[in-house]
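Participant: Compact mmCIF, C-alpha atoms and all ligand atoms, file coords-v1.txt:
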```txt
# COMPACT_ATOMS: atom_id res chain seq x y z
CA MET S 1 5.10 -37.84 38.42
CA LYS S 2 3.39 -36.34 41.47
CA LYS S 3 3.54 -37.46 45.09
CA LEU S 4 0.21 -36.72 46.71
CA LEU S 5 -0.87 -36.50 50.31
CA VAL S 6 -4.67 -36.81 50.35
CA THR S 7 -6.26 -35.91 53.67
CA GLY S 8 -9.70 -37.41 54.37
CA GLY S 9 -9.12 -39.96 51.60
CA ALA S 10 -11.24 -42.60 53.38
CA GLY S 11 -14.34 -40.37 53.28
CA PHE S 12 -16.91 -39.98 50.53
CA ILE S 13 -15.29 -37.52 48.11
CA GLY S 14 -11.70 -38.25 49.17
CA ALA S 15 -12.06 -41.98 48.38
CA ASN S 16 -13.68 -41.26 45.02
CA PHE S 17 -10.83 -38.84 44.28
CA VAL S 18 -8.20 -41.47 45.17
CA HIS S 19 -9.87 -44.01 42.84
CA TYR S 20 -10.08 -41.42 40.07
CA TRP S 21 -6.47 -40.34 40.50
CA MET S 22 -4.86 -43.77 40.77
CA ASN S 23 -6.79 -44.95 37.75
CA LYS S 24 -5.74 -41.95 35.64
CA TYR S 25 -2.22 -41.30 36.91
CA SER S 26 -1.05 -44.80 37.73
CA ALA S 27 2.62 -43.79 38.14
CA ASP S 28 1.86 -41.23 40.87
CA LYS S 29 2.38 -41.99 44.54
CA VAL S 30 -0.66 -41.50 46.80
CA VAL S 31 -0.54 -41.30 50.59
CA VAL S 32 -3.90 -41.06 52.37
CA LEU S 33 -4.06 -39.56 55.85
CA ASP S 34 -7.38 -40.14 57.61
CA ALA S 35 -8.50 -40.18 61.24
CA LEU S 36 -11.27 -42.70 60.40
CA THR S 37 -14.01 -40.79 62.19
CA TYR S 38 -17.57 -42.17 61.88
CA ALA S 39 -17.50 -40.83 58.27
CA GLY S 40 -14.21 -42.44 57.29
CA ASN S 41 -14.14 -46.04 56.20
CA ILE S 42 -11.03 -47.94 55.23
CA ALA S 43 -13.20 -50.25 53.10
CA ASN S 44 -13.74 -47.30 50.74
CA LEU S 45 -10.11 -47.84 49.67
CA ASP S 46 -10.24 -51.63 49.34
CA SER S 47 -9.64 -51.61 45.59
CA VAL S 48 -6.36 -49.65 45.88
CA LYS S 49 -5.01 -50.68 49.26
CA ASP S 50 -2.60 -53.30 47.88
CA GLU S 51 -1.12 -51.11 45.14
CA ALA S 52 2.63 -50.52 45.57
CA ASN S 53 2.23 -46.77 45.06
CA PHE S 54 -0.47 -46.43 47.77
CA THR S 55 -0.01 -45.88 51.51
CA PHE S 56 -2.67 -45.44 54.17
CA VAL S 57 -1.82 -43.59 57.37
CA HIS S 58 -4.26 -43.52 60.26
CA GLY S 59 -3.83 -40.12 61.87
CA ASN S 60 -5.21 -36.68 62.55
CA ILE S 61 -4.64 -33.53 60.49
CA CYS S 62 -4.28 -31.60 63.76
CA ASP S 63 -1.03 -33.50 64.39
CA GLN S 64 1.45 -31.09 62.78
CA VAL S 65 4.49 -33.22 63.59
CA LEU S 66 2.93 -36.21 61.83
CA ILE S 67 2.14 -34.09 58.74
CA GLU S 68 5.71 -32.79 58.60
CA LYS S 69 7.01 -36.35 58.86
CA LEU S 70 4.74 -37.53 56.03
CA LEU S 71 5.67 -34.62 53.77
CA VAL S 72 9.38 -35.32 54.28
CA GLU S 73 9.41 -39.13 54.30
CA HIS S 74 7.23 -39.50 51.22
CA GLY S 75 8.68 -36.51 49.34
CA ILE S 76 5.17 -35.08 48.97
CA ASP S 77 4.84 -32.23 46.45
CA THR S 78 1.01 -32.02 46.28
CA LEU S 79 -1.36 -31.92 49.23
CA VAL S 80 -5.08 -32.33 48.46
CA HIS S 81 -7.06 -31.48 51.55
CA PHE S 82 -10.50 -33.11 51.92
CA ALA S 83 -10.48 -34.00 55.63
CA ALA S 84 -13.31 -32.27 57.43
CA GLU S 85 -16.37 -32.63 59.54
CA SER S 86 -18.94 -32.27 56.78
CA HIS S 87 -22.51 -32.69 58.01
CA VAL S 88 -24.50 -29.50 58.68
CA ASP S 89 -26.92 -31.20 61.12
CA ARG S 90 -24.04 -32.42 63.28
CA SER S 91 -22.50 -28.93 63.22
CA ILE S 92 -25.71 -27.53 64.68
CA THR S 93 -25.76 -29.88 67.67
CA GLY S 94 -22.00 -30.22 68.14
CA PRO S 95 -19.89 -27.49 66.53
CA ASP S 96 -16.69 -28.20 68.53
CA ALA S 97 -15.40 -30.95 66.21
CA PHE S 98 -15.96 -28.64 63.22
CA ILE S 99 -13.87 -25.87 64.73
CA GLU S 100 -11.16 -28.33 65.70
CA THR S 101 -10.84 -30.25 62.43
CA ASN S 102 -11.94 -27.73 59.82
CA ILE S 103 -10.16 -24.68 61.23
CA MET S 104 -7.37 -25.94 63.50
CA GLY S 105 -6.71 -28.97 61.30
CA THR S 106 -6.34 -26.85 58.17
CA TYR S 107 -4.09 -24.45 60.10
CA SER S 108 -1.89 -27.34 61.21
CA LEU S 109 -1.56 -28.55 57.59
CA LEU S 110 -0.66 -25.04 56.43
CA LYS S 111 1.99 -24.69 59.14
CA ALA S 112 3.51 -28.06 58.24
CA ALA S 113 3.49 -27.26 54.49
CA LYS S 114 5.17 -23.91 55.10
CA LYS S 115 7.82 -25.41 57.37
CA VAL S 116 8.70 -28.27 55.00
CA TRP S 117 8.20 -26.69 51.57
CA LEU S 118 8.95 -23.01 52.08
CA ASP S 119 11.32 -22.92 55.06
CA GLY S 120 13.10 -26.16 54.05
CA ALA S 121 13.23 -27.02 57.75
CA PHE S 122 14.29 -30.59 57.01
CA ASN S 123 16.29 -29.83 53.85
CA ASP S 124 19.01 -27.30 54.77
CA GLY S 125 16.64 -24.40 54.22
CA LYS S 126 16.01 -25.32 50.58
CA VAL S 127 12.63 -24.27 49.19
CA LEU S 128 10.61 -26.87 47.27
CA GLU S 129 9.64 -24.68 44.31
CA GLU S 130 7.16 -27.08 42.72
CA HIS S 131 4.63 -27.65 45.46
CA ARG S 132 0.86 -27.30 45.71
CA PHE S 133 -1.60 -27.08 48.57
CA HIS S 134 -5.09 -27.67 47.20
CA HIS S 135 -7.94 -26.95 49.58
CA VAL S 136 -11.33 -28.57 48.95
CA SER S 137 -14.16 -26.29 50.00
CA THR S 138 -17.87 -25.83 49.51
CA ASP S 139 -20.40 -23.44 47.97
CA GLU S 140 -21.98 -23.18 51.44
CA VAL S 141 -19.40 -20.51 52.40
CA TYR S 142 -21.30 -18.06 50.17
CA GLY S 143 -24.47 -18.32 52.27
CA THR S 144 -27.96 -18.60 50.88
CA LEU S 145 -29.78 -17.39 47.74
CA SER S 146 -33.36 -16.35 47.05
CA PRO S 147 -35.08 -18.15 44.15
CA THR S 148 -34.24 -15.27 41.78
CA ASP S 149 -30.69 -14.40 42.89
CA PRO S 150 -27.88 -15.09 40.41
CA ALA S 151 -25.76 -18.16 41.24
CA PHE S 152 -22.60 -17.85 43.39
CA THR S 153 -19.47 -16.75 41.54
CA GLU S 154 -15.94 -16.71 42.97
CA ASP S 155 -16.51 -13.00 43.69
CA THR S 156 -19.62 -13.53 45.81
CA ALA S 157 -18.94 -12.28 49.34
CA TYR S 158 -18.60 -15.01 51.94
CA ALA S 159 -21.67 -15.17 54.23
CA PRO S 160 -21.66 -18.60 55.94
CA ASN S 161 -24.75 -19.42 58.01
CA SER S 162 -24.07 -22.74 59.78
CA PRO S 163 -21.22 -23.71 62.09
CA TYR S 164 -20.13 -26.09 59.27
CA SER S 165 -19.99 -23.41 56.58
CA ALA S 166 -18.45 -20.88 58.99
CA SER S 167 -15.65 -23.33 59.81
CA LYS S 168 -15.05 -24.01 56.11
CA ALA S 169 -15.04 -20.27 55.39
CA ALA S 170 -12.46 -19.73 58.14
CA SER S 171 -10.25 -22.45 56.63
CA ASP S 172 -10.59 -20.91 53.14
CA HIS S 173 -9.40 -17.58 54.55
CA LEU S 174 -6.39 -19.20 56.26
CA VAL S 175 -5.40 -20.91 53.01
CA ARG S 176 -5.66 -17.60 51.16
CA ALA S 177 -3.58 -15.87 53.84
CA TYR S 178 -0.80 -18.46 53.62
CA HIS S 179 -0.49 -17.69 49.93
CA HIS S 180 -0.67 -13.92 50.29
CA THR S 181 1.64 -13.68 53.30
CA TYR S 182 4.14 -16.51 52.84
CA GLY S 183 3.87 -17.37 49.15
CA LEU S 184 2.56 -20.92 49.66
CA ASN S 185 1.31 -22.27 46.30
CA VAL S 186 -2.36 -22.72 47.09
CA THR S 187 -5.56 -23.26 45.12
CA THR S 188 -9.08 -23.65 46.50
CA SER S 189 -12.14 -25.20 44.89
CA ASN S 190 -15.68 -24.47 46.07
CA CYS S 191 -18.02 -27.23 44.97
CA SER S 192 -21.77 -27.74 45.15
CA ASN S 193 -23.50 -30.78 46.74
CA ASN S 194 -21.98 -34.10 45.62
CA TYR S 195 -23.67 -37.47 45.26
CA GLY S 196 -22.46 -40.93 44.24
CA PRO S 197 -20.86 -44.11 45.66
CA PHE S 198 -19.53 -44.20 49.26
CA HIS S 199 -21.77 -41.29 50.34
CA PHE S 200 -22.46 -41.69 54.06
CA PRO S 201 -26.19 -42.41 54.56
CA GLU S 202 -26.79 -39.43 56.83
CA LYS S 203 -26.85 -37.10 53.80
CA LEU S 204 -30.07 -36.65 51.84
CA ILE S 205 -29.56 -38.85 48.74
CA PRO S 206 -28.08 -42.00 50.33
CA LEU S 207 -30.40 -41.64 53.33
CA VAL S 208 -33.42 -41.65 51.05
CA ILE S 209 -32.22 -44.66 49.04
CA THR S 210 -31.42 -46.76 52.09
CA ASN S 211 -34.60 -45.75 53.97
CA ILE S 212 -36.73 -46.73 50.96
CA LEU S 213 -35.14 -50.17 50.98
CA HIS S 214 -35.99 -50.60 54.66
CA ASP S 215 -39.47 -49.10 54.49
CA LYS S 216 -38.47 -46.19 56.74
CA ALA S 217 -39.84 -42.63 56.64
CA LEU S 218 -38.22 -40.19 54.20
CA PRO S 219 -37.78 -37.06 56.36
CA ILE S 220 -38.27 -33.76 54.52
CA TYR S 221 -37.11 -30.77 56.51
CA GLY S 222 -39.58 -27.84 56.48
CA ASP S 223 -41.49 -27.44 53.22
CA GLY S 224 -38.98 -29.40 51.08
CA GLN S 225 -38.60 -26.49 48.67
CA GLN S 226 -34.94 -25.82 49.57
CA ILE S 227 -32.74 -26.03 46.51
CA ARG S 228 -29.36 -27.71 46.14
CA ASP S 229 -27.12 -27.91 43.02
CA TRP S 230 -26.10 -31.56 42.65
CA LEU S 231 -22.87 -32.85 41.04
CA TYR S 232 -21.79 -36.46 40.51
CA VAL S 233 -18.75 -37.04 42.74
CA GLU S 234 -16.43 -38.16 39.94
CA ASP S 235 -17.04 -34.84 38.20
CA HIS S 236 -15.82 -33.13 41.37
CA ALA S 237 -12.63 -35.23 41.23
CA TYR S 238 -12.24 -34.26 37.56
CA GLY S 239 -12.64 -30.57 38.42
CA ILE S 240 -9.96 -30.80 41.13
CA ASP S 241 -7.71 -32.59 38.64
CA LEU S 242 -8.04 -29.65 36.22
CA VAL S 243 -7.34 -27.13 38.98
CA LEU S 244 -4.23 -29.09 39.99
CA GLN S 245 -3.01 -29.30 36.40
CA ASN S 246 -3.84 -25.81 35.12
CA GLY S 247 -5.30 -23.69 37.91
CA ARG S 248 -3.64 -20.39 38.71
CA ILE S 249 -1.89 -20.22 42.07
CA GLY S 250 -3.81 -18.23 44.70
CA GLU S 251 -7.13 -18.59 42.87
CA ASN S 252 -10.51 -20.03 43.88
CA TYR S 253 -12.46 -22.13 41.38
CA ASN S 254 -16.17 -22.92 41.62
CA ILE S 255 -17.10 -26.46 40.58
CA GLY S 256 -20.71 -27.32 39.79
CA GLY S 257 -23.00 -28.95 37.29
CA ASP S 258 -25.73 -26.34 36.80
CA ASN S 259 -28.20 -28.84 38.23
CA GLU S 260 -30.58 -27.28 40.76
CA TRP S 261 -33.25 -29.41 42.42
CA ALA S 262 -35.76 -28.80 45.21
CA ASN S 263 -35.30 -31.44 47.92
CA ILE S 264 -38.82 -32.79 47.57
CA ASP S 265 -38.33 -33.36 43.83
CA ILE S 266 -35.07 -35.24 44.40
CA VAL S 267 -36.83 -37.51 46.89
CA LYS S 268 -39.71 -38.18 44.48
CA THR S 269 -37.28 -38.87 41.62
CA ILE S 270 -35.33 -41.39 43.71
CA SER S 271 -38.56 -43.06 44.84
CA LYS S 272 -39.57 -43.61 41.21
CA LEU S 273 -36.12 -44.87 40.21
CA VAL S 274 -36.07 -47.45 43.01
CA GLU S 275 -39.58 -48.61 42.06
CA GLN S 276 -38.42 -49.08 38.45
CA GLU S 277 -35.44 -51.15 39.62
CA PHE S 278 -37.75 -53.44 41.60
CA VAL S 279 -39.88 -53.98 38.49
CA LYS S 280 -36.79 -54.79 36.38
CA ASN S 281 -35.10 -57.03 38.95
CA LYS S 282 -37.37 -59.43 40.88
CA ASP S 283 -34.46 -60.43 43.14
CA LEU S 284 -34.72 -57.03 44.86
CA GLY S 285 -38.17 -57.91 46.21
CA ILE S 286 -36.61 -60.96 47.88
CA ARG S 287 -33.62 -59.05 49.28
CA PHE S 288 -35.72 -56.13 50.55
CA PRO S 289 -39.14 -57.69 51.28
CA THR S 290 -40.40 -54.82 53.47
CA ALA S 291 -39.79 -52.12 50.84
CA LYS S 292 -43.01 -50.65 49.44
CA ALA S 293 -41.75 -51.43 45.94
CA ALA S 294 -41.52 -55.13 46.83
CA MET S 295 -45.30 -55.09 47.34
CA ALA S 296 -45.99 -52.83 44.34
CA GLN S 297 -47.03 -50.05 46.74
CA ASN S 298 -46.34 -46.33 46.37
CA THR S 299 -42.87 -45.43 47.76
CA GLU S 300 -43.73 -41.72 47.96
CA SER S 301 -46.12 -42.52 50.81
CA LEU S 302 -42.96 -42.76 52.98
CA ILE S 303 -42.39 -39.00 52.60
CA THR S 304 -42.76 -37.36 56.00
CA TYR S 305 -42.52 -33.62 56.56
CA VAL S 306 -40.56 -32.91 59.76
CA LYS S 307 -39.35 -29.88 61.71
CA ASP S 308 -37.04 -27.64 59.65
CA ARG S 309 -33.27 -27.54 60.18
CA LEU S 310 -32.18 -24.51 62.27
CA GLY S 311 -30.94 -21.70 60.03
CA HIS S 312 -31.66 -23.84 56.95
CA ASP S 313 -30.15 -22.25 53.82
CA ARG S 314 -32.86 -21.89 51.19
CA ARG S 315 -30.92 -22.21 47.96
CA TYR S 316 -27.39 -22.92 46.73
CA ALA S 317 -26.40 -22.54 43.08
CA ILE S 318 -22.95 -22.48 41.53
CA ASP S 319 -21.86 -20.34 38.60
CA ALA S 320 -18.84 -22.26 37.28
CA THR S 321 -18.16 -19.99 34.29
CA LYS S 322 -14.60 -19.22 35.42
CA THR S 323 -13.71 -22.92 35.77
CA ASN S 324 -15.49 -23.79 32.52
CA ASN S 325 -13.70 -21.06 30.55
CA GLU S 326 -10.24 -21.12 32.13
CA LEU S 327 -9.87 -24.86 32.65
CA ASN S 328 -12.26 -26.12 29.98
CA TYR S 329 -14.29 -27.86 32.67
CA GLN S 330 -17.59 -29.58 31.84
CA PRO S 331 -19.10 -32.34 33.99
CA LYS S 332 -19.20 -35.67 32.17
CA GLU S 333 -22.24 -37.09 33.95
CA SER S 334 -25.81 -35.80 33.50
CA PHE S 335 -28.08 -35.95 36.54
CA GLU S 336 -30.11 -38.69 34.88
CA THR S 337 -27.08 -40.96 34.38
CA GLY S 338 -25.42 -40.01 37.68
CA ILE S 339 -28.44 -40.68 39.87
CA ALA S 340 -29.15 -43.97 38.06
CA LYS S 341 -25.54 -45.09 38.70
CA THR S 342 -25.86 -44.02 42.33
CA VAL S 343 -29.10 -45.92 42.96
CA ALA S 344 -27.56 -48.99 41.29
CA TRP S 345 -24.45 -48.69 43.49
CA TYR S 346 -26.51 -48.67 46.71
CA LEU S 347 -28.60 -51.62 45.49
CA ASN S 348 -25.41 -53.56 44.76
CA ASN S 349 -23.51 -52.56 47.90
CA GLU S 350 -25.87 -53.34 50.75
CA GLU S 351 -23.03 -54.75 52.83
CA TRP S 352 -21.18 -51.42 52.66
CA TRP S 353 -24.04 -49.22 53.80
CA LYS S 354 -25.23 -51.65 56.44
CA SER S 355 -21.74 -51.76 57.92
CA VAL S 356 -21.46 -47.96 58.22
CA MET S 357 -24.91 -47.52 59.76
CA ASP S 358 -25.06 -48.91 63.27
CA GLY S 359 -28.46 -47.44 64.03
CA SER S 360 -27.30 -44.93 66.63
CA TYR S 361 -27.19 -42.10 64.10
CA GLN S 362 -30.69 -42.86 62.89
CA ASN S 363 -32.00 -42.77 66.47
CA TRP S 364 -30.19 -39.53 67.18
CA ILE S 365 -31.47 -37.76 64.07
CA ALA S 366 -35.01 -38.99 64.70
CA GLU S 367 -34.85 -37.28 68.12
CA GLN S 368 -33.56 -34.01 66.62
CA TYR S 369 -36.36 -33.80 64.08
CA SER S 370 -39.28 -35.24 66.04
P1 LIG S 401 -16.90 -37.01 54.70
O1 LIG S 401 -17.48 -36.56 55.99
O2 LIG S 401 -17.56 -38.11 53.93
O3 LIG S 401 -15.38 -37.46 54.89
C1 LIG S 401 -14.49 -36.73 55.67
C2 LIG S 401 -13.26 -37.59 55.89
O4 LIG S 401 -12.33 -36.83 56.67
C3 LIG S 401 -13.53 -38.89 56.65
O5 LIG S 401 -12.82 -39.95 56.05
C4 LIG S 401 -12.98 -38.61 58.04
O6 LIG S 401 -12.53 -39.78 58.70
C5 LIG S 401 -11.84 -37.66 57.73
N1 LIG S 401 -11.51 -36.79 58.87
C6 LIG S 401 -12.38 -36.08 59.64
N2 LIG S 401 -11.71 -35.42 60.59
C7 LIG S 401 -10.38 -35.70 60.42
C8 LIG S 401 -9.21 -35.31 61.07
N3 LIG S 401 -9.23 -34.47 62.13
N4 LIG S 401 -8.03 -35.78 60.61
C9 LIG S 401 -7.97 -36.62 59.55
N5 LIG S 401 -9.07 -37.04 58.91
C10 LIG S 401 -10.27 -36.58 59.32
O7 LIG S 401 -16.79 -35.69 53.83
P2 LIG S 401 -16.95 -35.50 52.24
O8 LIG S 401 -18.39 -35.32 51.92
O9 LIG S 401 -16.16 -36.52 51.56
O10 LIG S 401 -16.26 -34.07 52.06
C11 LIG S 401 -14.87 -33.97 51.80
C12 LIG S 401 -14.51 -32.50 51.65
O11 LIG S 401 -15.27 -31.92 50.59
C13 LIG S 401 -14.83 -31.68 52.90
O12 LIG S 401 -13.79 -30.75 53.08
C14 LIG S 401 -16.14 -30.96 52.54
O13 LIG S 401 -16.22 -29.72 53.22
C15 LIG S 401 -15.96 -30.76 51.04
N6 LIG S 401 -17.21 -30.69 50.27
C16 LIG S 401 -18.17 -31.65 50.42
C17 LIG S 401 -19.33 -31.59 49.62
C18 LIG S 401 -20.39 -32.66 49.73
O14 LIG S 401 -21.42 -32.55 49.04
N7 LIG S 401 -20.19 -33.72 50.48
C19 LIG S 401 -19.49 -30.55 48.70
C20 LIG S 401 -18.46 -29.58 48.58
C21 LIG S 401 -17.34 -29.67 49.36
P1 LIG S 402 -27.52 -32.66 53.13
O1 LIG S 402 -27.41 -33.89 52.29
O2 LIG S 402 -27.35 -32.78 54.61
O3 LIG S 402 -26.51 -31.60 52.51
P2 LIG S 402 -26.35 -29.99 52.83
O4 LIG S 402 -27.07 -29.67 54.08
O5 LIG S 402 -24.87 -29.86 52.98
O6 LIG S 402 -26.88 -29.30 51.62
O7 LIG S 402 -28.94 -32.02 52.86
C1 LIG S 402 -29.36 -31.66 51.57
C2 LIG S 402 -30.69 -30.96 51.69
O8 LIG S 402 -31.67 -31.91 52.11
C3 LIG S 402 -30.71 -29.86 52.74
O9 LIG S 402 -31.55 -28.81 52.26
C4 LIG S 402 -31.33 -30.52 53.95
C5 LIG S 402 -32.28 -31.51 53.34
N1 LIG S 402 -32.53 -32.75 54.10
C6 LIG S 402 -33.84 -33.18 54.35
O10 LIG S 402 -34.83 -32.53 53.96
N2 LIG S 402 -34.02 -34.36 55.03
C7 LIG S 402 -32.96 -35.12 55.46
O11 LIG S 402 -33.19 -36.18 56.11
C8 LIG S 402 -31.63 -34.66 55.19
C9 LIG S 402 -30.44 -35.45 55.66
C10 LIG S 402 -31.46 -33.48 54.49
```
Show me, as structure tokens, the structure contained in the file I just sent.

Facilitator:
Amino acid sequence: MKKLLVTGGAGFIGANFVHYWMNKYSADKVVVLDALTYAGNIANLDSVKDEANFTFVHGNICDQVLIEKLLVEHGIDTLVHFAAESHVDRSITGPDAFIETNIMGTYSLLKAAKKVWLDGAFNDGKVLEEHRFHHVSTDEVYGTLSPTDPAFTEDTAYAPNSPYSASKAASDHLVRAYHHTYGLNVTTSNCSNNYGPFHFPEKLIPLVITNILHDKALPIYGDGQQIRDWLYVEDHAYGIDLVLQNGRIGENYNIGGDNEWANIDIVKTISKLVEQEFVKNKDLGIRFPTAKAAMAQNTESLITYVKDRLGHDRRYAIDATKTNNELNYQPKESFETGIAKTVAWYLNNEEWWKSVMDGSYQNWIAEQYS
């Protein structure tokens, strides 16, 4: 039985991970620590919040004393670190929060883990032999690829291009150093772009779905030919599970689904899927009367090419051979099934996405890209 501290567990991937974990390992204890920034939402944990083996703590990963207290009081042996500022556009206009949370926050967690687990500061100097610090990172630390470059492997040199990816790269290096220097039992996973339920509607896929439903423009940065490698979020949780169970200490594991798409093609695919749902379910036309699909009009006409993102990485692609071979990892969801589930989730959870979008973000982003 494990006792997990999950940082950022009220965010998109963290919440999906908590659902996955508590469903699969129902005897384990799960403590979520989350600062509930704009991206964190306690409602994402509604279905587990009353479980006896679940605790939510509202707090900041930069608070080392709080982390130490949680590790000791809950007897934590496994820390899964999701908490981060995660949106590239925000990192371009306001990098400070990324440096603070992604770098200083990770450093604070590492210091606390060392003090409690390795130094035995609260346990008469006794080392906790069976401990794990798992750090959740991104493929963006590897930089950008040309259309013909081979996909990123774990040996690809780090070359981050945005303040977001630079801050994640810095945190990856700190995690590595805490293993190499102090012997902390760490693993790191570098995953490609995720999609699925609870994805904050500032990111491409949920933004497009929700804008279609409200008859708003679908902004395509630059020429729309940038490529991302999309993975259903539950398959990310599954990959982390395998790393926690069988990953080698001190190693990095790439997680991805071999599923590259140009942005413009993703947007067109989602437009078609939403149109099909409106044909199948007449109730949608009543709930979303301004949507093009409600009037049998062409949703793709909402596509609007806007100014490109500064320093926009052209292509990401993950080579997950090491994870596939060593950990027997294969995603369970195809893109076809995953994106259909995702569209259905947003159609069925209007209350959720309306409550997290207060309009100010949409106004802000419209200014940036006008
Ligand atoms: P998210 O922005 O949806 O959620 C981040 C969560 O962290 C939120 O709940 C937020 O409240 C919390 N948080 C932020 N700052 C905090 C702080 N100082 N202290 C405590 N909690 C804080 O992010 P996400 O998309 O779920 O990403 C989770 C992790 O996965 C991140 O580390 C990200 O770099 C990584 N990742 C994301 C993707 C992706 O496609 N979204 C892909 C690969 C890796
Ligand atoms: P995003 O979801 O922000 O993820 P990331 O930047 O971490 O890959 O963006 C995915 C891609 O979609 C990226 O190439 C930027 C592009 N994009 C748009 O073209 N329009 C949009 O409105 C958004 C949010 C993203």

Participant: Can you tell me, as a ChimeraX atom specification, what residues are no more than 8 Å from S:Asp172 when counting only C-alpha atoms, ignoring any on the same chain fewer than 5 positions away?

Facilitator: /S:135,137,188

Participant: Would you please work out which residue, of S:Ile212, S:Ile303, S:Val88, S:Cys62, is nearest to ligand LIG 402 (chain S) when using all atoms listed in the file?

Facilitator: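 Answer, going by the shortest atom-to-atom distance: S:Val88.
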
Participant: Please identify all polymer residues within 10 Å of S:Phe17, counting all atoms listed in the file, omitting same-chain residues fewer than 4 positions from it, and present them as a PyMOL selection string.

Facilitator: chain S and resi 6+9-13+21-23+80+82+233-238+240-241

Participant: Name each residue within 6 Å of ligand LIG 401 (chain S), counting only C-alpha atoms and all ligand atoms, as a PyMOL selection string.

Facilitator: chain S and resi 8-14+34-37+39-40+59-62+82-86+101+136-138+191-194

Participant: Using all atoms listed in the file for the distances, tell me which of S:Gln226, S:Thr148, S:Ser47, S:Asn259 is nearest to ligand LIG 402 (chain S).

Facilitator: S:Gln226

Participant: Check which residues fall inside 7 Å of ligand LIG 402 (chain S) when counting only C-alpha atoms and all ligand atoms, and print them as a list of chain:residue names.

Facilitator: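 If we count only C-alpha atoms and all ligand atoms, the neighbours of ligand LIG 402 (chain S) turn out to be S:His87, S:Val88, S:Asp89, S:Asn193, S:Glu202, S:Lys203, S:Leu204, S:Ile205, S:Leu207, S:Leu218, S:Pro219, S:Ile220, S:Tyr221, S:Gly224, S:Gln226, S:Ile227, S:Arg228, S:Asn263, S:His312, S:Asp313.
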
Participant: Residues of stretch 90-201 of chain S that have any atom at most 12 Å from an atom of stretch 330-339 of chain S: could you tabulate them with the shortest-distance atom pair and the distance in Å to one decimal, using only C-alpha atoms, ordered by chain and increasing number, as CSV?

Facilitator:
```
residue,atom,partner,partner_atom,distance
S:Asn194,CA,S:Gly338,CA,10.5
S:Tyr195,CA,S:Ile339,CA,7.9
S:Gly196,CA,S:Gly338,CA,7.3
S:Pro197,CA,S:Gly338,CA,10.1
```
